[in-house]
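*Asks:* entry-v8.pdb (PDB, C-alpha atoms and all ligand atoms) pasted underneath:
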ATOM      1  CA  MET A 171     -27.514   8.262 -25.688
ATOM      2  CA  GLU A 172     -24.712  10.402 -27.017
ATOM      3  CA  LEU A 173     -21.506   9.832 -25.112
ATOM      4  CA  VAL A 174     -19.432  12.930 -24.498
ATOM      5  CA  ARG A 175     -15.736  12.659 -23.826
ATOM      6  CA  PRO A 176     -15.125  14.890 -20.786
ATOM      7  CA  GLU A 177     -12.397  17.449 -20.201
ATOM      8  CA  LEU A 178      -9.706  16.907 -17.600
ATOM      9  CA  PHE A 179      -9.596  19.572 -14.895
ATOM     10  CA  ASP A 180      -7.731  20.259 -11.691
ATOM     11  CA  PHE A 181      -9.648  19.028  -8.653
ATOM     12  CA  HIS A 182      -7.919  19.860  -5.357
ATOM     13  CA  GLY A 183      -4.571  19.302  -7.057
ATOM     14  CA  VAL A 184      -5.502  16.066  -8.867
ATOM     15  CA  ALA A 185      -6.514  15.793 -12.529
ATOM     16  CA  MET A 186     -10.075  14.480 -12.692
ATOM     17  CA  ILE A 187     -13.154  14.346 -14.904
ATOM     18  CA  LYS A 188     -16.708  15.252 -13.993
ATOM     19  CA  TYR A 189     -17.871  11.634 -14.011
ATOM     20  CA  PHE A 190     -15.840  11.052 -10.859
ATOM     21  CA  THR A 191     -16.417  14.358  -9.077
ATOM     22  CA  ASP A 192     -20.100  15.148  -9.810
ATOM     23  CA  ASN A 193     -21.277  13.090  -6.864
ATOM     24  CA  TRP A 194     -18.485  14.257  -4.576
ATOM     25  CA  GLU A 195     -20.439  15.144  -1.449
ATOM     26  CA  ASN A 196     -22.272  11.825  -1.460
ATOM     27  CA  ILE A 197     -19.016   9.983  -2.028
ATOM     28  CA  GLN A 198     -17.288  11.740   0.817
ATOM     29  CA  ASN A 199     -20.271  11.015   3.098
ATOM     30  CA  PHE A 200     -20.334   7.352   2.101
ATOM     31  CA  GLN A 201     -20.977   5.180   5.154
ATOM     32  CA  ALA A 202     -18.575   2.269   5.129
ATOM     33  CA  ARG A 203     -19.306  -0.808   7.226
ATOM     34  CA  PRO A 204     -16.594  -2.530   9.260
ATOM     35  CA  ASP A 205     -16.574  -5.587   6.989
ATOM     36  CA  ASP A 206     -16.496  -3.628   3.710
ATOM     37  CA  ILE A 207     -13.456  -4.367   1.576
ATOM     38  CA  LEU A 208     -12.078  -1.579  -0.552
ATOM     39  CA  ILE A 209     -10.118  -2.499  -3.695
ATOM     40  CA  ALA A 210      -7.996   0.522  -4.542
ATOM     41  CA  THR A 211      -5.807   1.003  -7.609
ATOM     42  CA  TYR A 212      -4.512   3.504 -10.096
ATOM     43  CA  PRO A 213      -6.517   2.836 -13.295
ATOM     44  CA  LYS A 214      -5.303  -0.140 -15.340
ATOM     45  CA  ALA A 215      -3.296  -1.796 -12.574
ATOM     46  CA  GLY A 216      -5.357  -4.992 -12.388
ATOM     47  CA  THR A 217      -8.481  -3.817 -10.545
ATOM     48  CA  THR A 218     -10.829  -6.151 -12.391
ATOM     49  CA  TRP A 219      -8.546  -9.130 -11.885
ATOM     50  CA  VAL A 220      -8.342  -8.679  -8.124
ATOM     51  CA  SER A 221     -12.041  -7.747  -7.896
ATOM     52  CA  ASN A 222     -12.931 -11.004  -9.593
ATOM     53  CA  ILE A 223     -10.674 -12.978  -7.263
ATOM     54  CA  LEU A 224     -12.222 -11.410  -4.174
ATOM     55  CA  ASP A 225     -15.725 -11.932  -5.500
ATOM     56  CA  LEU A 226     -14.984 -15.621  -6.101
ATOM     57  CA  LEU A 227     -13.319 -16.036  -2.719
ATOM     58  CA  TYR A 228     -16.344 -14.687  -0.885
ATOM     59  CA  PHE A 229     -19.251 -15.652  -3.095
ATOM     60  CA  GLY A 230     -17.994 -18.258  -5.562
ATOM     61  CA  HIS A 231     -19.280 -21.187  -3.533
ATOM     62  CA  MET A 232     -22.710 -19.626  -2.879
ATOM     63  CA  SER A 233     -24.110 -19.369  -6.384
ATOM     64  CA  ALA A 234     -22.548 -19.888  -9.774
ATOM     65  CA  ASP A 235     -25.292 -17.616 -11.163
ATOM     66  CA  ARG A 236     -23.726 -14.573  -9.575
ATOM     67  CA  GLN A 237     -20.577 -14.903 -11.667
ATOM     68  CA  LYS A 238     -22.532 -15.965 -14.757
ATOM     69  CA  THR A 239     -25.159 -13.241 -14.821
ATOM     70  CA  ILE A 240     -23.896 -10.141 -13.002
ATOM     71  CA  PRO A 241     -21.147  -8.031 -14.598
ATOM     72  CA  ILE A 242     -18.164  -7.381 -12.391
ATOM     73  CA  TYR A 243     -18.949  -3.653 -12.255
ATOM     74  CA  ASN A 244     -22.255  -4.452 -10.524
ATOM     75  CA  ARG A 245     -20.798  -7.065  -8.204
ATOM     76  CA  VAL A 246     -18.011  -4.663  -7.196
ATOM     77  CA  PRO A 247     -19.341  -1.099  -7.518
ATOM     78  CA  PHE A 248     -16.980   1.692  -8.536
ATOM     79  CA  LEU A 249     -17.495   4.068  -5.643
ATOM     80  CA  GLU A 250     -16.821   7.458  -7.235
ATOM     81  CA  SER A 251     -18.415   6.794 -10.609
ATOM     82  CA  SER A 252     -21.430   8.803 -11.717
ATOM     83  CA  LEU A 253     -21.569   7.859 -15.377
ATOM     84  CA  PRO A 254     -24.511   8.715 -17.612
ATOM     85  CA  THR A 255     -24.833   5.048 -18.606
ATOM     86  CA  MET A 256     -25.509   3.475 -15.198
ATOM     87  CA  ASP A 257     -26.406   3.972 -11.518
ATOM     88  CA  SER A 258     -23.788   5.800  -9.526
ATOM     89  CA  GLY A 259     -21.229   3.701  -7.689
ATOM     90  CA  LYS A 260     -22.550   4.978  -4.383
ATOM     91  CA  GLU A 261     -26.103   3.903  -5.233
ATOM     92  CA  LEU A 262     -24.898   0.483  -6.342
ATOM     93  CA  ALA A 263     -22.824   0.056  -3.187
ATOM     94  CA  ASP A 264     -25.727   1.115  -0.974
ATOM     95  CA  LYS A 265     -27.957  -1.443  -2.698
ATOM     96  CA  LEU A 266     -25.573  -4.382  -2.258
ATOM     97  CA  GLN A 267     -27.215  -7.146  -0.247
ATOM     98  CA  THR A 268     -24.098  -9.238   0.200
ATOM     99  CA  SER A 269     -21.672  -9.142   3.035
ATOM    100  CA  PRO A 270     -18.899  -8.218   2.889
ATOM    101  CA  ARG A 271     -19.442  -5.520   0.309
ATOM    102  CA  LEU A 272     -16.607  -5.350  -2.195
ATOM    103  CA  ILE A 273     -16.071  -1.784  -3.382
ATOM    104  CA  LYS A 274     -13.683  -0.493  -6.018
ATOM    105  CA  THR A 275     -12.006   2.899  -6.064
ATOM    106  CA  HIS A 276      -9.313   4.676  -8.059
ATOM    107  CA  LEU A 277      -9.154   7.583  -5.620
ATOM    108  CA  PRO A 278      -5.773   8.776  -4.409
ATOM    109  CA  VAL A 279      -5.440   7.888  -0.742
ATOM    110  CA  LEU A 280      -6.183  11.410   0.490
ATOM    111  CA  PHE A 281      -9.588  11.417  -1.233
ATOM    112  CA  VAL A 282     -10.870   8.180   0.314
ATOM    113  CA  PRO A 283     -14.072   8.785   2.331
ATOM    114  CA  LYS A 284     -13.188   8.984   5.987
ATOM    115  CA  SER A 285     -15.642   6.312   7.104
ATOM    116  CA  PHE A 286     -13.373   3.628   5.589
ATOM    117  CA  TRP A 287     -10.663   4.651   8.042
ATOM    118  CA  GLU A 288     -13.095   5.127  10.940
ATOM    119  CA  GLN A 289     -14.525   1.651  10.372
ATOM    120  CA  ASN A 290     -11.033   0.207  10.062
ATOM    121  CA  CYS A 291     -11.963  -1.529   6.805
ATOM    122  CA  ARG A 292      -9.682  -3.930   5.014
ATOM    123  CA  ILE A 293      -8.161  -2.427   1.886
ATOM    124  CA  VAL A 294      -6.435  -4.212  -0.987
ATOM    125  CA  TYR A 295      -4.229  -1.946  -3.098
ATOM    126  CA  VAL A 296      -2.800  -3.108  -6.441
ATOM    127  CA  ALA A 297       0.095  -1.324  -8.149
ATOM    128  CA  ARG A 298       1.503  -1.974 -11.622
ATOM    129  CA  ASN A 299       4.812  -0.814 -13.043
ATOM    130  CA  ALA A 300       4.533   2.581 -14.674
ATOM    131  CA  LYS A 301       5.490   1.521 -18.174
ATOM    132  CA  ASP A 302       2.928  -1.230 -18.618
ATOM    133  CA  ASN A 303       0.417   0.854 -16.719
ATOM    134  CA  VAL A 304       0.691   3.795 -19.100
ATOM    135  CA  VAL A 305       0.434   1.605 -22.215
ATOM    136  CA  SER A 306      -2.689  -0.045 -20.838
ATOM    137  CA  PHE A 307      -4.116   3.368 -19.918
ATOM    138  CA  PHE A 308      -3.501   4.688 -23.429
ATOM    139  CA  HIS A 309      -5.430   1.892 -25.121
ATOM    140  CA  PHE A 310      -8.148   2.119 -22.496
ATOM    141  CA  ASP A 311      -8.644   5.823 -23.121
ATOM    142  CA  ARG A 312      -8.894   5.126 -26.845
ATOM    143  CA  MET A 313     -11.781   2.703 -26.359
ATOM    144  CA  ASN A 314     -13.498   4.198 -23.293
ATOM    145  CA  LEU A 315     -15.660   6.938 -24.707
ATOM    146  CA  LEU A 316     -16.227   8.434 -21.264
ATOM    147  CA  HIS A 317     -12.564   9.296 -20.776
ATOM    148  CA  PRO A 318     -10.749  12.225 -22.388
ATOM    149  CA  ASP A 319      -9.432  11.633 -25.889
ATOM    150  CA  PRO A 320      -5.879  10.262 -25.437
ATOM    151  CA  LYS A 321      -4.685  11.824 -28.725
ATOM    152  CA  ASP A 322      -1.343  10.492 -29.969
ATOM    153  CA  TRP A 323       0.943   8.206 -27.938
ATOM    154  CA  SER A 324       3.827  10.667 -27.501
ATOM    155  CA  SER A 325       1.667  13.408 -26.080
ATOM    156  CA  PHE A 326      -0.173  10.872 -23.906
ATOM    157  CA  LEU A 327       3.100   9.622 -22.449
ATOM    158  CA  GLN A 328       4.203  13.178 -21.805
ATOM    159  CA  ARG A 329       0.952  13.933 -19.989
ATOM    160  CA  PHE A 330       1.312  10.713 -17.983
ATOM    161  CA  MET A 331       4.757  11.872 -16.826
ATOM    162  CA  GLU A 332       3.215  15.181 -15.803
ATOM    163  CA  GLY A 333       0.375  13.513 -13.906
ATOM    164  CA  LYS A 334      -2.249  14.855 -16.298
ATOM    165  CA  MET A 335      -4.281  11.662 -16.356
ATOM    166  CA  VAL A 336      -7.688  10.823 -14.914
ATOM    167  CA  PHE A 337      -6.938  10.275 -11.178
ATOM    168  CA  GLY A 338      -3.722  12.247 -11.445
ATOM    169  CA  SER A 339      -0.125  11.202 -11.167
ATOM    170  CA  TRP A 340       0.719   7.493 -11.166
ATOM    171  CA  TYR A 341       3.682   8.225  -8.915
ATOM    172  CA  ASP A 342       1.654  10.167  -6.338
ATOM    173  CA  HIS A 343      -0.954   7.408  -6.352
ATOM    174  CA  VAL A 344       1.265   4.352  -5.800
ATOM    175  CA  ASN A 345       3.499   6.307  -3.457
ATOM    176  CA  GLY A 346       0.639   7.846  -1.453
ATOM    177  CA  TRP A 347      -0.888   4.427  -0.850
ATOM    178  CA  TRP A 348       2.544   2.943  -0.090
ATOM    179  CA  GLN A 349       3.051   5.576   2.610
ATOM    180  CA  LYS A 350      -0.392   4.817   4.017
ATOM    181  CA  LYS A 351       0.533   1.145   4.289
ATOM    182  CA  GLN A 352       3.312   2.081   6.722
ATOM    183  CA  THR A 353       0.753   3.215   9.318
ATOM    184  CA  TYR A 354      -2.526   1.510   8.430
ATOM    185  CA  GLU A 355      -2.353  -2.167   9.287
ATOM    186  CA  LYS A 356      -5.343  -3.350   7.324
ATOM    187  CA  LEU A 357      -3.868  -2.455   3.949
ATOM    188  CA  HIS A 358      -2.588  -5.250   1.711
ATOM    189  CA  TYR A 359      -0.324  -3.800  -1.013
ATOM    190  CA  MET A 360      -0.025  -6.060  -4.045
ATOM    191  CA  LEU A 361       1.824  -5.862  -7.351
ATOM    192  CA  PHE A 362       0.358  -6.812 -10.716
ATOM    193  CA  GLU A 363       3.738  -8.319 -11.618
ATOM    194  CA  ASP A 364       3.653 -10.643  -8.621
ATOM    195  CA  MET A 365       0.205 -11.772  -9.704
ATOM    196  CA  ILE A 366       1.549 -12.601 -13.137
ATOM    197  CA  GLU A 367       4.532 -14.403 -11.642
ATOM    198  CA  ASP A 368       2.456 -16.657  -9.390
ATOM    199  CA  THR A 369      -1.267 -16.061  -9.120
ATOM    200  CA  GLY A 370      -1.791 -18.926  -6.664
ATOM    201  CA  ARG A 371       0.847 -17.587  -4.282
ATOM    202  CA  GLU A 372      -0.707 -14.121  -4.359
ATOM    203  CA  ILE A 373      -4.172 -15.564  -3.751
ATOM    204  CA  ASP A 374      -2.750 -17.363  -0.701
ATOM    205  CA  LYS A 375      -1.402 -14.050   0.606
ATOM    206  CA  LEU A 376      -4.747 -12.405  -0.028
ATOM    207  CA  CYS A 377      -6.542 -15.177   1.846
ATOM    208  CA  SER A 378      -4.316 -14.799   4.837
ATOM    209  CA  PHE A 379      -4.836 -11.010   4.843
ATOM    210  CA  LEU A 380      -8.604 -11.429   4.526
ATOM    211  CA  GLY A 381      -8.803 -14.271   7.024
ATOM    212  CA  VAL A 382     -10.566 -16.620   4.620
ATOM    213  CA  SER A 383      -9.705 -20.288   4.145
ATOM    214  CA  PRO A 384     -10.990 -21.764   0.904
ATOM    215  CA  SER A 385     -10.369 -25.453   0.352
ATOM    216  CA  ALA A 386      -7.518 -26.490  -1.949
ATOM    217  CA  GLU A 387     -10.136 -27.438  -4.530
ATOM    218  CA  GLU A 388     -11.841 -24.037  -4.343
ATOM    219  CA  LYS A 389      -8.513 -22.264  -4.623
ATOM    220  CA  GLU A 390      -7.543 -24.259  -7.661
ATOM    221  CA  LYS A 391     -10.874 -23.500  -9.275
ATOM    222  CA  ILE A 392     -10.553 -19.771  -8.608
ATOM    223  CA  THR A 393      -7.007 -19.688  -9.951
ATOM    224  CA  GLY A 394      -8.282 -21.277 -13.167
ATOM    225  CA  VAL A 395     -11.301 -18.980 -13.563
ATOM    226  CA  VAL A 396      -9.221 -15.814 -13.172
ATOM    227  CA  GLN A 397      -6.587 -16.695 -15.762
ATOM    228  CA  PHE A 398      -6.253 -14.058 -18.454
ATOM    229  CA  ASP A 399      -7.744 -16.161 -21.265
ATOM    230  CA  GLU A 400     -10.695 -17.214 -19.129
ATOM    231  CA  MET A 401     -11.506 -13.691 -18.008
ATOM    232  CA  LYS A 402     -11.006 -12.273 -21.476
ATOM    233  CA  LYS A 403     -13.739 -14.472 -22.890
ATOM    234  CA  ASN A 404     -16.087 -14.046 -19.918
ATOM    235  CA  PRO A 405     -18.639 -11.291 -20.707
ATOM    236  CA  MET A 406     -19.262 -10.821 -16.976
ATOM    237  CA  ALA A 407     -15.595  -9.994 -16.400
ATOM    238  CA  ASN A 408     -14.382  -8.460 -19.664
ATOM    239  CA  TYR A 409     -16.575  -5.336 -19.811
ATOM    240  CA  SER A 410     -18.025  -6.277 -23.200
ATOM    241  CA  THR A 411     -21.462  -5.445 -21.744
ATOM    242  CA  CYS A 412     -20.425  -1.863 -21.055
ATOM    243  CA  ALA A 413     -22.029   0.559 -23.520
ATOM    244  CA  ALA A 414     -19.346   3.211 -23.134
ATOM    245  CA  MET A 415     -16.540   0.982 -24.372
ATOM    246  CA  ASP A 416     -15.843   0.461 -28.050
ATOM    247  CA  PHE A 417     -14.269  -2.960 -28.495
ATOM    248  CA  LYS A 418     -13.771  -2.277 -32.181
ATOM    249  CA  ILE A 419     -11.072   0.182 -31.120
ATOM    250  CA  SER A 420      -9.467  -2.047 -28.481
ATOM    251  CA  PRO A 421     -10.568  -4.791 -26.072
ATOM    252  CA  PHE A 422     -10.706  -3.990 -22.362
ATOM    253  CA  MET A 423      -8.293  -6.843 -21.704
ATOM    254  CA  ARG A 424      -5.495  -6.495 -24.229
ATOM    255  CA  LYS A 425      -2.411  -8.417 -23.173
ATOM    256  CA  GLY A 426      -2.373  -8.678 -19.395
ATOM    257  CA  MET A 427       1.383  -9.075 -19.414
ATOM    258  CA  VAL A 428       4.539  -7.686 -17.908
ATOM    259  CA  MET A 429       6.418  -6.136 -20.797
ATOM    260  CA  VAL A 430       9.069  -4.397 -18.737
ATOM    261  CA  ARG A 431      12.063  -6.641 -18.264
ATOM    262  CA  ASN A 432      15.706  -5.987 -17.721
ATOM    263  CA  LYS A 433      18.454  -6.928 -15.345
ATOM    264  CA  HIS A 434      17.270  -4.554 -12.615
ATOM    265  CA  MET A 435      13.857  -6.090 -12.556
ATOM    266  CA  GLN A 436      14.377  -9.680 -11.539
ATOM    267  CA  THR A 437      12.216  -9.632  -8.473
ATOM    268  CA  LEU A 438       9.269  -7.391  -8.028
ATOM    269  CA  THR A 439       8.551  -7.563  -4.373
ATOM    270  CA  GLU A 440       8.694  -3.932  -3.408
ATOM    271  CA  THR A 441       7.195  -0.840  -4.808
ATOM    272  CA  GLY A 442      10.603   0.830  -4.655
ATOM    273  CA  LEU A 443      11.451  -0.905  -7.888
ATOM    274  CA  ILE A 444       8.409   0.425  -9.621
ATOM    275  CA  LEU A 445       9.258   3.913  -8.460
ATOM    276  CA  PHE A 446      12.806   3.392  -9.675
ATOM    277  CA  TYR A 447      11.518   2.597 -13.144
ATOM    278  CA  TYR A 448       9.275   5.581 -13.214
ATOM    279  CA  ARG A 449      12.166   7.856 -12.329
ATOM    280  CA  GLN A 450      14.290   6.257 -15.019
ATOM    281  CA  GLY A 451      11.625   6.929 -17.587
ATOM    282  CA  LYS A 452      11.295  10.453 -16.321
ATOM    283  CA  SER A 453      14.987  11.146 -16.694
ATOM    284  CA  GLY A 454      14.354  11.292 -20.422
ATOM    285  CA  THR A 455      16.788   8.894 -22.033
ATOM    286  CA  GLY A 456      14.536   8.709 -25.058
ATOM    287  CA  ARG A 457      14.246   4.942 -24.670
ATOM    288  CA  THR A 458      10.871   5.110 -23.036
ATOM    289  CA  THR A 459       8.886   5.952 -26.145
ATOM    290  CA  SER A 460      10.776   3.946 -28.700
ATOM    291  CA  ARG A 461      10.423   0.595 -26.894
ATOM    292  CA  TRP A 462       6.672   0.441 -27.374
TER     293      TRP A 462
HETATM  294  P1  LIG B   1      -3.670  -4.684 -20.451
HETATM  295  O1  LIG B   1      -4.337  -3.444 -20.975
HETATM  296  O2  LIG B   1      -2.190  -4.561 -20.353
HETATM  297  O3  LIG B   1      -4.103  -5.913 -21.153
HETATM  298  P2  LIG B   1      -7.995  -2.624 -14.658
HETATM  299  O4  LIG B   1      -8.887  -3.748 -14.332
HETATM  300  O5  LIG B   1      -7.379  -1.967 -13.472
HETATM  301  O6  LIG B   1      -8.669  -1.671 -15.590
HETATM  302  O7  LIG B   1      -6.718  -3.235 -15.420
HETATM  303  C1  LIG B   1      -6.846  -3.758 -16.696
HETATM  304  C2  LIG B   1      -5.546  -4.448 -17.056
HETATM  305  O8  LIG B   1      -5.441  -5.648 -16.270
HETATM  306  C3  LIG B   1      -5.519  -4.868 -18.518
HETATM  307  O9  LIG B   1      -4.152  -4.830 -18.921
HETATM  308  C4  LIG B   1      -6.029  -6.288 -18.411
HETATM  309  O10 LIG B   1      -5.730  -7.109 -19.511
HETATM  310  C5  LIG B   1      -5.309  -6.749 -17.155
HETATM  311  N1  LIG B   1      -5.948  -7.936 -16.587
HETATM  312  C6  LIG B   1      -7.223  -8.099 -16.208
HETATM  313  N2  LIG B   1      -7.442  -9.361 -15.822
HETATM  314  C7  LIG B   1      -6.270 -10.016 -15.973
HETATM  315  C8  LIG B   1      -5.860 -11.369 -15.760
HETATM  316  N3  LIG B   1      -6.710 -12.288 -15.326
HETATM  317  N4  LIG B   1      -4.584 -11.688 -16.007
HETATM  318  C9  LIG B   1      -3.701 -10.752 -16.454
HETATM  319  N5  LIG B   1      -4.037  -9.455 -16.679
HETATM  320  C10 LIG B   1      -5.312  -9.098 -16.444
END
Kindly present the structure from the file in structure tokens form.

*Replies:*
Amino acid sequence: MELVRPELFDFHGVAMIKYFTDNWENIQNFQARPDDILIATYPKAGTTWVSNILDLLYFGHMSADRQKTIPIYNRVPFLESSLPTMDSGKELADKLQTSPRLIKTHLPVLFVPKSFWEQNCRIVYVARNAKDNVVSFFHFDRMNLLHPDPKDWSSFLQRFMEGKMVFGSWYDHVNGWWQKKQTYEKLHYMLFEDMIEDTGREIDKLCSFLGVSPSAEEKEKITGVVQFDEMKKNPMANYSTCAAMDFKISPFMRKGMVMVRNKHMQTLTETGLILFYYRQGKSGTGRTTSRW
């Protein structure tokens, strides 16, 4: 099948591509169940990492086959996707036999199907600092043949600053979800950087949010399985089975690191710091492009 890189277009004020809007009515009418768990992120913020952790927390003890034979994108369907290479995310989610259903989305908060709110579902949001996020996004768009052509780095960065990325502005995304957290109790807002700093601690926080209590042994096992090097070599977690991705251009998991470091960024416990960095980059000191 010939893969066609789609054009970006304005969709109710957010830059999108047809592969995430074609099935819009069905997505908006999606019937969430009270125990569904939505994993929401801006692209490249650590979605797969957290999806894998949740999958292991809920289903790791049931059958090792699940993690060994089913790619993460089938275990945790991508709600809004309607890609030519696979079943739509909605179809996959509807077919899930497990409970709870783990469902991934990159939608900005205002686009989330209303049944998730009506059913008072638990939601895990992951944010990543803008600088590492945009670098990861750039390399992803190079290798993902179902995303628009990223062109050169400078123009990509410029478009990122202007919010002309698939799923729109990074700032609007992390900020929109941060605002939602202030009023919606069942939203756990995590940072990629905290996960890097101490994965075990963040898994503990997740467990307490989800109300699950794995044994110390299970937790240790999960923490090991979801380490970068382990996931990178695991075909069920590293997207190497995905036909639309060209690993000769770049792997899906490149570095999985926090590259942004300076004296203002010693602790990363609030999103305010991420926003601060974005604004700094936006102020146009010229340092943003040259450092990478
Ligand atoms: P890099 O491109 O910086 O390597 P998403 O799943 O939202 O698409 O995010 C992908 C990013 O998360 C990639 O970042 C990937 O390497 C990183 N990632 C995935 N699993 C990880 C892990 N176990 N540890 C650290 N980073 C991880």

*Asks:* For the interface of chain A with ligand LIG 1 (chain B) (cut-off 8 Å, counting all atoms listed in the file), please tabulate each contacting residue of chain A alongside its nearest pair of atoms and their separation in Å to one decimal, rows sorted by chain and increasing number, as CSV.

*Replies:*
residue,atom,partner,partner_atom,distance
A:Thr211,CA,B:LIG1,O5,6.8
A:Tyr212,CA,B:LIG1,O5,7.0
A:Pro213,CA,B:LIG1,O5,4.9
A:Lys214,CA,B:LIG1,O5,3.3
A:Ala215,CA,B:LIG1,O5,4.2
A:Gly216,CA,B:LIG1,O7,3.8
A:Thr217,CA,B:LIG1,O5,3.6
A:Thr218,CA,B:LIG1,O4,3.6
A:Trp219,CA,B:LIG1,N2,4.1
A:Val220,CA,B:LIG1,N2,7.8
A:Asp302,CA,B:LIG1,O2,6.3
A:Asn303,CA,B:LIG1,O2,7.0
A:Val305,CA,B:LIG1,O2,7.0
A:Ser306,CA,B:LIG1,O1,3.8
A:Phe307,CA,B:LIG1,O1,6.9
A:His309,CA,B:LIG1,O1,6.8
A:Phe310,CA,B:LIG1,O1,6.9
A:Phe362,CA,B:LIG1,N5,7.9
A:Met365,CA,B:LIG1,C9,7.9
A:Ile366,CA,B:LIG1,C9,6.5
A:Val396,CA,B:LIG1,N3,4.8
A:Gln397,CA,B:LIG1,N3,4.4
A:Phe398,CA,B:LIG1,N3,3.6
A:Asp399,CA,B:LIG1,N3,7.2
A:Glu400,CA,B:LIG1,N3,7.4
A:Met401,CA,B:LIG1,N3,5.7
A:Lys402,CA,B:LIG1,N2,7.3
A:Asn408,CA,B:LIG1,C6,8.0
A:Phe422,CA,B:LIG1,C3,6.5
A:Met423,CA,B:LIG1,O10,3.4
A:Arg424,CA,B:LIG1,O3,3.4
A:Lys425,CA,B:LIG1,O3,3.6
A:Gly426,CA,B:LIG1,N5,3.3
A:Met427,CA,B:LIG1,O2,5.8
A:Val428,CA,B:LIG1,O2,7.8

*Asks:* Export, as a tab-separated table (two decimals), in the frame of the given file, the selected residues with C-alpha atoms.

*Replies:*
chain	number	residue	atom	x	y	z
A	211	THR	CA	-5.81	1.00	-7.61
A	212	TYR	CA	-4.51	3.50	-10.10
A	213	PRO	CA	-6.52	2.84	-13.30
A	214	LYS	CA	-5.30	-0.14	-15.34
A	215	ALA	CA	-3.30	-1.80	-12.57
A	216	GLY	CA	-5.36	-4.99	-12.39
A	217	THR	CA	-8.48	-3.82	-10.54
A	218	THR	CA	-10.83	-6.15	-12.39
A	219	TRP	CA	-8.55	-9.13	-11.88
A	220	VAL	CA	-8.34	-8.68	-8.12
A	302	ASP	CA	2.93	-1.23	-18.62
A	303	ASN	CA	0.42	0.85	-16.72
A	305	VAL	CA	0.43	1.60	-22.22
A	306	SER	CA	-2.69	-0.04	-20.84
A	307	PHE	CA	-4.12	3.37	-19.92
A	309	HIS	CA	-5.43	1.89	-25.12
A	310	PHE	CA	-8.15	2.12	-22.50
A	362	PHE	CA	0.36	-6.81	-10.72
A	365	MET	CA	0.20	-11.77	-9.70
A	366	ILE	CA	1.55	-12.60	-13.14
A	396	VAL	CA	-9.22	-15.81	-13.17
A	397	GLN	CA	-6.59	-16.70	-15.76
A	398	PHE	CA	-6.25	-14.06	-18.45
A	399	ASP	CA	-7.74	-16.16	-21.26
A	400	GLU	CA	-10.70	-17.21	-19.13
A	401	MET	CA	-11.51	-13.69	-18.01
A	402	LYS	CA	-11.01	-12.27	-21.48
A	408	ASN	CA	-14.38	-8.46	-19.66
A	422	PHE	CA	-10.71	-3.99	-22.36
A	423	MET	CA	-8.29	-6.84	-21.70
A	424	ARG	CA	-5.50	-6.50	-24.23
A	425	LYS	CA	-2.41	-8.42	-23.17
A	426	GLY	CA	-2.37	-8.68	-19.40
A	427	MET	CA	1.38	-9.07	-19.41
A	428	VAL	CA	4.54	-7.69	-17.91

*Asks:* For a quick check of understanding, using all atoms listed in the file, which of A:Thr191, A:Ser420, A:Thr275, A:Ser410 has the smallest distance to A:Leu253?

*Replies:* A:Thr191

*Asks:* On this structure, which residues satisfy the PyMOL selection byres (((chain A and resi 346) around 12) and not hetatm), written as JSON, numbers by chain?

*Replies:* {"A": [210, 211, 212, 277, 278, 279, 280, 281, 282, 295, 297, 338, 339, 340, 341, 342, 343, 344, 345, 347, 348, 349, 350, 351, 352, 353, 359, 441, 445]}

*Asks:* Just so the selection is clear, what residues does the PyMOL selection byres (((chain A and resi 389-393) around 10) and not hetatm) cover here, as JSON, numbers by chain?

*Replies:* {"A": [222, 223, 224, 225, 226, 227, 230, 368, 369, 370, 371, 373, 374, 377, 383, 384, 385, 386, 387, 388, 394, 395, 396, 397]}

*Asks:* Within 9 Å of (-13.0, 1.1, -22.5) in the file's own coordinates, which protein, DNA or RNA residues have an atom, counting all atoms listed in the file? List them as a PyMOL selection string.

*Replies:* chain A and resi 309-317+409-410+412+414-417+419-422
